[in-house]
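Structure file protein19.cif (mmCIF, C-alpha atoms) follows.
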```cif
data_protein
loop_
_atom_site.label_atom_id
_atom_site.label_comp_id
_atom_site.auth_asym_id
_atom_site.auth_seq_id
_atom_site.Cartn_x
_atom_site.Cartn_y
_atom_site.Cartn_z
CA MET D 1 -10.23 73.39 178.96
CA PHE D 2 -12.08 70.13 178.34
CA SER D 3 -14.09 68.70 181.18
CA ALA D 4 -14.54 64.99 181.86
CA ARG D 5 -18.04 65.70 183.19
CA ARG D 6 -19.55 64.00 180.15
CA GLY D 7 -17.17 61.53 178.61
CA ILE D 8 -16.53 60.76 174.97
CA THR D 9 -17.79 57.32 173.91
CA PRO D 10 -15.77 54.86 171.78
CA ASP D 11 -18.36 55.40 169.03
CA SER D 12 -17.61 59.14 168.87
CA VAL D 13 -15.58 60.75 166.08
CA LEU D 14 -13.13 63.65 165.92
CA PHE D 15 -12.24 64.76 162.38
CA VAL D 16 -9.55 67.44 162.01
CA THR D 17 -8.32 68.91 158.74
CA LEU D 18 -5.08 70.89 158.83
CA ASP D 19 -5.87 73.20 155.96
CA SER D 20 -3.13 73.33 153.29
CA CYS D 21 -0.62 71.38 155.42
CA ARG D 22 2.02 69.71 153.25
CA TYR D 23 3.19 66.21 154.05
CA ASP D 24 6.81 67.34 154.31
CA THR D 25 5.77 70.07 156.75
CA TYR D 26 4.22 67.49 159.04
CA ALA D 27 7.21 65.16 158.67
CA ALA D 28 9.58 67.94 159.79
CA ALA D 29 7.46 69.32 162.65
CA ARG D 30 7.42 68.50 166.34
CA THR D 31 3.81 67.37 166.93
CA PRO D 32 3.61 65.04 169.95
CA ALA D 33 -0.15 65.39 170.49
CA ILE D 34 -1.17 64.52 166.93
CA ASP D 35 1.57 61.89 166.72
CA ALA D 36 -0.17 60.02 169.53
CA VAL D 37 -3.13 59.39 167.19
CA SER D 38 -1.28 56.82 165.03
CA ALA D 39 1.63 56.30 162.72
CA LEU D 40 2.05 58.95 160.03
CA PHE D 41 0.93 58.04 156.50
CA LYS D 42 1.73 59.75 153.21
CA ALA D 43 -1.61 59.96 151.44
CA GLN D 44 -3.25 61.52 148.41
CA ALA D 45 -5.96 64.12 148.97
CA PRO D 46 -9.20 63.86 146.98
CA SER D 47 -8.69 67.36 145.54
CA HIS D 48 -6.35 70.34 145.40
CA PHE D 49 -8.51 73.00 147.09
CA THR D 50 -10.59 73.25 150.22
CA TYR D 51 -14.17 73.07 148.98
CA ALA D 52 -13.74 70.15 146.60
CA SER D 53 -11.65 68.16 149.04
CA HIS D 54 -14.10 68.57 151.92
CA ALA D 55 -17.09 67.85 149.67
CA ALA D 56 -15.41 64.56 148.79
CA MET D 57 -14.42 63.78 152.37
CA PHE D 58 -17.95 64.51 153.58
CA THR D 59 -19.15 61.75 151.24
CA GLY D 60 -16.55 59.34 152.61
CA PHE D 61 -13.59 59.80 150.28
CA THR D 62 -10.96 60.81 152.79
CA PRO D 63 -7.25 60.96 151.81
CA GLY D 64 -5.90 57.54 150.94
CA ILE D 65 -3.04 55.41 149.72
CA ALA D 66 -4.13 54.01 146.36
CA GLU D 67 -1.70 51.10 146.17
CA LEU D 68 -2.48 49.85 149.68
CA ALA D 69 -5.38 47.35 149.74
CA VAL D 70 -6.51 47.84 153.35
CA PRO D 71 -9.59 49.40 154.95
CA PHE D 72 -9.73 53.08 155.92
CA LEU D 73 -6.27 53.98 154.61
CA ASN D 74 -7.63 53.30 151.12
CA PRO D 75 -11.24 54.48 150.86
CA LYS D 76 -11.60 52.64 147.54
CA PHE D 77 -11.03 49.38 149.43
CA ALA D 78 -13.17 50.27 152.46
CA ARG D 79 -14.15 53.72 153.68
CA LEU D 80 -13.86 54.92 157.23
CA PHE D 81 -17.16 56.75 156.66
CA ARG D 82 -19.53 55.22 154.13
CA LEU D 83 -22.84 56.58 152.93
CA GLY D 84 -25.30 53.79 152.19
CA ARG D 85 -26.18 53.43 148.50
CA ALA D 86 -23.64 56.08 147.50
CA GLY D 87 -20.94 54.87 145.13
CA HIS D 88 -19.10 51.57 145.06
CA ALA D 89 -19.46 49.65 148.31
CA GLY D 90 -15.78 48.71 148.51
CA ARG D 91 -14.16 45.38 149.26
CA ALA D 92 -14.43 45.29 153.04
CA THR D 93 -16.61 46.49 155.91
CA PRO D 94 -16.58 50.27 156.43
CA GLY D 95 -15.73 51.83 159.76
CA PHE D 96 -19.08 53.62 160.01
CA LEU D 97 -22.11 53.09 157.76
CA VAL D 98 -24.56 55.98 157.79
CA GLU D 99 -27.49 57.23 155.69
CA GLY D 100 -27.88 60.81 154.49
CA ASP D 101 -26.85 63.33 151.87
CA ASP D 102 -23.41 63.53 153.53
CA ILE D 103 -21.72 61.89 156.49
CA ILE D 104 -22.70 64.72 158.84
CA ALA D 105 -26.37 64.18 158.06
CA GLY D 106 -25.79 60.46 158.46
CA PHE D 107 -24.24 60.77 161.91
CA ARG D 108 -26.91 63.22 163.01
CA LYS D 109 -29.63 60.84 161.81
CA ALA D 110 -27.91 58.10 163.82
CA GLY D 111 -28.31 60.19 166.97
CA TYR D 112 -24.90 61.81 167.14
CA HIS D 113 -24.38 65.32 168.44
CA THR D 114 -22.77 66.97 165.40
CA VAL D 115 -20.46 69.93 165.93
CA GLY D 116 -18.34 71.67 163.31
CA THR D 117 -16.14 74.71 162.94
CA GLY D 118 -14.23 75.93 159.90
CA ALA D 119 -11.59 78.61 159.43
CA ALA D 120 -11.27 78.63 155.64
CA GLY D 121 -13.56 80.96 153.71
CA TRP D 122 -15.26 78.01 152.03
CA PHE D 123 -16.95 77.36 155.41
CA ASP D 124 -18.60 80.77 155.59
CA SER D 125 -22.23 79.67 155.87
CA SER D 126 -23.48 83.00 154.54
CA SER D 127 -22.48 81.72 151.11
CA LEU D 128 -24.99 79.38 149.44
CA VAL D 129 -22.13 77.28 148.10
CA SER D 130 -20.48 76.94 151.51
CA ALA D 131 -23.80 76.15 153.17
CA ARG D 132 -23.69 72.81 151.39
CA LEU D 133 -20.74 71.87 153.62
CA THR D 134 -22.19 73.20 156.87
CA ARG D 135 -25.97 72.83 156.78
CA ASN D 136 -26.19 69.38 158.37
CA PHE D 137 -24.28 70.16 161.57
CA LYS D 138 -26.42 70.75 164.64
CA HIS D 139 -23.92 73.37 165.74
CA PHE D 140 -21.52 75.04 163.32
CA ARG D 141 -19.38 78.16 163.46
CA PHE D 142 -17.26 79.80 160.79
CA THR D 143 -14.34 81.39 162.63
CA GLY D 144 -12.26 82.88 159.83
CA GLU D 145 -9.06 84.38 161.25
CA LYS D 146 -10.02 84.06 164.93
CA GLY D 147 -7.82 81.01 165.37
CA VAL D 148 -7.92 77.47 166.69
CA ARG D 149 -8.31 78.50 170.34
CA HIS D 150 -11.60 80.16 169.47
CA GLN D 151 -12.65 77.01 167.62
CA LEU D 152 -11.95 74.82 170.64
CA GLU D 153 -13.96 77.12 172.90
CA PHE D 154 -16.90 76.75 170.51
CA VAL D 155 -16.51 72.96 170.46
CA GLU D 156 -16.44 72.81 174.25
CA THR D 157 -19.56 74.92 174.55
CA SER D 158 -21.36 72.86 171.93
CA LEU D 159 -20.40 69.52 173.48
CA ALA D 160 -21.66 70.70 176.84
CA ARG D 161 -25.14 71.06 175.31
CA ARG D 162 -25.39 67.50 174.09
CA ARG D 163 -28.07 65.18 175.40
CA ARG D 164 -26.45 62.04 174.00
CA ASP D 165 -22.86 61.05 174.57
CA ASP D 166 -22.04 60.03 170.97
CA ALA D 167 -20.46 63.02 169.24
CA PHE D 168 -19.17 63.84 165.77
CA VAL D 169 -16.80 66.82 165.91
CA PHE D 170 -15.20 68.43 162.87
CA ILE D 171 -12.53 71.14 162.92
CA ASN D 172 -10.99 72.80 159.86
CA VAL D 173 -7.83 74.46 161.19
CA GLY D 174 -6.75 77.70 159.51
CA GLU D 175 -3.30 78.47 160.91
CA THR D 176 -1.59 76.18 158.38
CA HIS D 177 -3.35 77.94 155.48
CA VAL D 178 -1.75 80.97 153.86
CA PRO D 179 -0.57 83.41 155.12
CA TYR D 180 0.75 80.88 157.72
CA HIS D 181 0.18 82.78 160.94
CA PHE D 182 -0.79 81.99 164.53
CA GLU D 183 -1.56 83.98 167.64
CA GLY D 184 1.73 85.39 168.94
CA ALA D 185 3.74 84.60 165.79
CA PRO D 186 6.84 86.82 165.45
CA TRP D 187 5.94 87.95 161.93
CA PRO D 188 3.06 90.16 160.74
CA ALA D 189 -0.20 88.44 159.84
CA ALA D 190 -0.50 90.58 156.71
CA ASP D 191 2.76 89.25 155.27
CA ASN D 192 1.90 86.34 152.98
CA PRO D 193 5.00 84.51 151.66
CA CYS D 194 2.96 82.31 149.31
CA VAL D 195 1.05 84.27 146.67
CA PRO D 196 -0.10 82.71 143.37
CA PHE D 197 2.05 83.71 140.39
CA GLN D 198 4.66 85.46 142.55
CA SER D 199 8.15 85.86 141.09
CA VAL D 200 10.05 86.12 144.38
CA ASP D 201 11.23 82.84 145.91
CA ARG D 202 10.05 82.76 149.53
CA ALA D 203 9.91 78.97 149.83
CA ALA D 204 12.17 78.89 152.89
CA GLU D 205 9.84 81.27 154.74
CA CYS D 206 6.80 79.25 153.69
CA ARG D 207 8.39 76.07 155.00
CA ALA D 208 9.46 77.55 158.33
CA ARG D 209 6.21 79.40 158.98
CA GLN D 210 3.86 76.53 158.15
CA ARG D 211 5.91 74.23 160.39
CA GLN D 212 5.71 76.66 163.30
CA CYS D 213 1.97 77.09 162.73
CA LEU D 214 1.50 73.33 162.85
CA GLU D 215 3.49 73.03 166.07
CA TYR D 216 1.34 75.75 167.63
CA VAL D 217 -1.85 73.96 166.53
CA ASP D 218 -0.58 70.68 167.94
CA ASP D 219 -0.12 72.25 171.35
CA VAL D 220 -3.59 73.83 171.32
CA LEU D 221 -5.34 70.67 170.13
CA ALA D 222 -3.66 68.41 172.69
CA PRO D 223 -6.49 68.40 175.31
CA LEU D 224 -9.19 67.66 172.72
CA LEU D 225 -7.14 64.89 171.11
CA ALA D 226 -6.57 63.34 174.53
CA ARG D 227 -10.28 63.51 175.26
CA PHE D 228 -11.04 61.51 172.10
CA ALA D 229 -8.21 58.99 172.63
CA ASP D 230 -10.63 56.08 173.12
CA ALA D 231 -12.75 57.07 170.10
CA THR D 232 -12.14 57.48 166.36
CA VAL D 233 -9.80 60.32 165.39
CA LEU D 234 -8.92 61.31 161.83
CA VAL D 235 -6.30 64.02 161.32
CA CYS D 236 -5.28 64.93 157.78
CA ALA D 237 -4.80 67.82 155.40
CA ASP D 238 -7.37 68.65 152.75
CA HIS D 239 -4.58 69.54 150.31
CA GLY D 240 -1.07 71.00 150.31
CA ASP D 241 0.59 74.05 148.78
CA CYS D 242 3.19 74.60 146.09
CA TRP D 243 6.24 76.58 147.14
CA GLY D 244 7.79 77.31 143.79
CA GLU D 245 7.81 73.75 142.45
CA ASP D 246 7.45 73.95 138.65
CA GLY D 247 7.00 77.69 139.07
CA LEU D 248 3.76 77.24 141.04
CA TRP D 249 2.67 78.84 144.30
CA GLU D 250 -0.18 78.09 146.73
CA HIS D 251 -3.00 75.64 145.86
CA GLY D 252 -5.97 75.36 143.51
CA VAL D 253 -3.78 73.60 140.94
CA SER D 254 -3.37 69.85 140.50
CA HIS D 255 0.25 69.06 141.43
CA PRO D 256 1.97 66.41 143.57
CA MET D 257 2.65 69.00 146.26
CA THR D 258 -1.01 70.06 146.48
CA LEU D 259 -2.24 66.46 146.52
CA THR D 260 0.24 64.78 148.90
CA VAL D 261 -0.88 65.14 152.52
CA PRO D 262 -0.31 63.75 156.02
CA LEU D 263 -2.82 61.25 157.37
CA LEU D 264 -3.15 59.89 160.91
CA LEU D 265 -6.02 57.69 162.05
CA ARG D 266 -7.20 56.13 165.28
CA TYR D 267 -10.16 53.75 165.06
CA ARG D 268 -12.23 53.18 168.18
CA GLY D 269 -9.26 53.88 170.42
CA LYS D 270 -6.62 51.97 168.45
CA PRO D 271 -4.01 53.36 166.03
CA VAL D 272 -4.94 52.19 162.55
CA GLU D 273 -1.71 50.24 162.21
CA GLU D 274 -2.98 47.99 165.02
CA VAL D 275 -6.34 47.52 163.29
CA VAL D 276 -5.28 46.63 159.74
CA GLU D 277 -2.38 44.59 158.41
CA LEU D 278 0.24 46.81 156.80
CA PRO D 279 3.44 46.12 154.88
CA GLU D 280 6.41 47.23 156.97
CA ALA D 281 7.30 49.95 154.47
CA TYR D 282 4.09 51.81 155.28
CA ARG D 283 4.70 51.98 159.01
CA VAL D 284 6.25 55.36 159.74
CA ARG D 285 7.63 56.17 163.14
CA ARG D 286 8.10 59.62 164.56
CA ALA D 287 11.43 60.38 166.18
CA GLY D 288 12.38 63.88 167.27
CA GLY D 289 9.85 65.46 164.97
CA MET D 290 11.05 63.67 161.83
CA ALA D 291 9.36 60.87 159.93
CA ALA D 292 11.25 57.75 158.96
CA ALA D 293 10.25 54.38 157.59
CA SER D 294 10.40 51.67 160.23
#
```
What's the structure tokens form of this structure?
Amino acid sequence: MFSARRGITPDSVLFVTLDSCRYDTYAAARTPAIDAVSALFKAQAPSHFTYASHAAMFTGFTPGIAELAVPFLNPKFARLFRLGRAGHAGRATPGFLVEGDDIIAGFRKAGYHTVGTGAAGWFDSSSLVSARLTRNFKHFRFTGEKGVRHQLEFVETSLARRRRDDAFVFINVGETHVPYHFEGAPWPAADNPCVPFQSVDRAAECRARQRQCLEYVDDVLAPLLARFADATVLVCADHGDCWGEDGLWEHGVSHPMTLTVPLLLRYRGKPVEEVVELPEAYRVRRAGGMAAAS
């Protein structure tokens, strides 16, 4: 799908959020394309629902590991994306320093071609609240239930219009969000196994379906991830879901399962574990679709 006619520069950025994807889902899934980004990290999301988490991430507070004093993996220490004069400067040099009311505005002001697409309802630009997340993209499309293939077609079309090679691309993936469905899935899209306040235990179905959705997304995203291999790539979840833990279902509640998310990061073509010094315990290898400490 993706043409090499106009290449992606090392200064470009691809930012993918796997909406609602739990860390344990990612650890159990077979995801070779996303795995190629970097080692897998177990991080804490900035919030427990889509809007709040993305609002935080769009000001530079991406998921992080609080006890790890290294850049990018701990945005308190040094942010991957930092807005000038916004909050504490951190202890080390940020990955990108931009000026604006969010990082999208900052990258656009810096001359980047900014493209975004969101599946979750919080990205519906017809809402005044959601417009705060989307207004600074040069090109943005809310796709709803149309799926990640439709999102990639939009990204390709938008990138083809760019006059400068530096690009900032954001994709909020919806397949991993309830009701956990993808194009061609062998279960009905209307069947949601994860409903707030439900009394029936469908945790096993939630686990299996979200994993299969993630594996489908990995396959579809593979060409785009490969295209950005020499640039900066951030793949994470905005939050997770509860599957009956403490009697809770879905998200929108503060709980370890809604706040613990997968994080993978490639900085200017290098996996983050090659850019920053990490204790061995934080290096996680992927073997046969399972995560294990090195």
Go through region 9-81 of chain D residue by residue and, counting only C-alpha atoms, keep those with an atom at most 7 Å from region 89-113 of chain D; for each kept residue give the shortest atom pair and its distance in Å to one decimal, ordered by chain and increasing number, as a Markdown table.
```
| residue | atom | partner | partner_atom | distance |
| --- | --- | --- | --- | --- |
| D:Phe58 | CA | D:Ile103 | CA | 5.4 |
| D:Thr59 | CA | D:Asp102 | CA | 5.2 |
| D:Gly60 | CA | D:Ile103 | CA | 6.9 |
| D:Pro71 | CA | D:Ala92 | CA | 6.6 |
| D:Lys76 | CA | D:Gly90 | CA | 5.8 |
| D:Phe77 | CA | D:Gly90 | CA | 4.9 |
| D:Ala78 | CA | D:Gly90 | CA | 5.0 |
| D:Arg79 | CA | D:Pro94 | CA | 5.0 |
| D:Leu80 | CA | D:Gly95 | CA | 4.4 |
| D:Phe81 | CA | D:Phe96 | CA | 5.0 |
```
Can you write just those residues out, C-alpha atoms, as a PDB file, in the coordinates of the input?
```pdb
ATOM      1  CA  PHE D  58     -17.950  64.510 153.580  1.00  0.00           C
ATOM      2  CA  THR D  59     -19.150  61.750 151.240  1.00  0.00           C
ATOM      3  CA  GLY D  60     -16.550  59.340 152.610  1.00  0.00           C
ATOM      4  CA  PRO D  71      -9.590  49.400 154.950  1.00  0.00           C
ATOM      5  CA  LYS D  76     -11.600  52.640 147.540  1.00  0.00           C
ATOM      6  CA  PHE D  77     -11.030  49.380 149.430  1.00  0.00           C
ATOM      7  CA  ALA D  78     -13.170  50.270 152.460  1.00  0.00           C
ATOM      8  CA  ARG D  79     -14.150  53.720 153.680  1.00  0.00           C
ATOM      9  CA  LEU D  80     -13.860  54.920 157.230  1.00  0.00           C
ATOM     10  CA  PHE D  81     -17.160  56.750 156.660  1.00  0.00           C
TER      11      PHE D  81
END
```
Enclosing box along x, y and z for every listed atom of region 126-145 of chain D, padded 6 Å each side, centre and size in Å, one decimal, as JSON:
```
{"center_x": -17.7, "center_y": 76.9, "center_z": 156.9, "size_x": 29.4, "size_y": 27.0, "size_z": 29.6}
```
Show me a table, sorted first by chain and then by increasing residue number, of the residues of region 19-77 of chain D having an atom at most 12 Å from region 180-192 of chain D, each with its shortest atom pair and the distance in Å to one decimal, counting all atoms listed in the file and written as CSV.
```
residue,atom,partner,partner_atom,distance
D:Asp19,CA,D:Tyr180,CA,10.3
D:Ser20,CA,D:Tyr180,CA,9.6
D:Cys21,CA,D:Tyr180,CA,9.9
D:Thr25,CA,D:Tyr180,CA,12.0
```
>> With all atoms listed in the file as the counted atoms, please give the residues lying no more than 12 Å from Thr114 (chain D), apart from itself and same-chain residues fewer than 3 positions off, as a PyMOL selection string.
In response: chain D and resi 12-15+103-111+117+134-141+155+158-159+161-171
>> Which residues would end up in the selection if the PyMOL selection byres ((chain D and resi 233) around 8) were applied here, given that I need the answer as a list in words?
In response: Val13, Leu14, Phe15, Val16, Val37, Leu225, Phe228, Ala229, Ala231, Thr232, Leu234, Val235, Leu265, Arg266 and Tyr267 of chain D
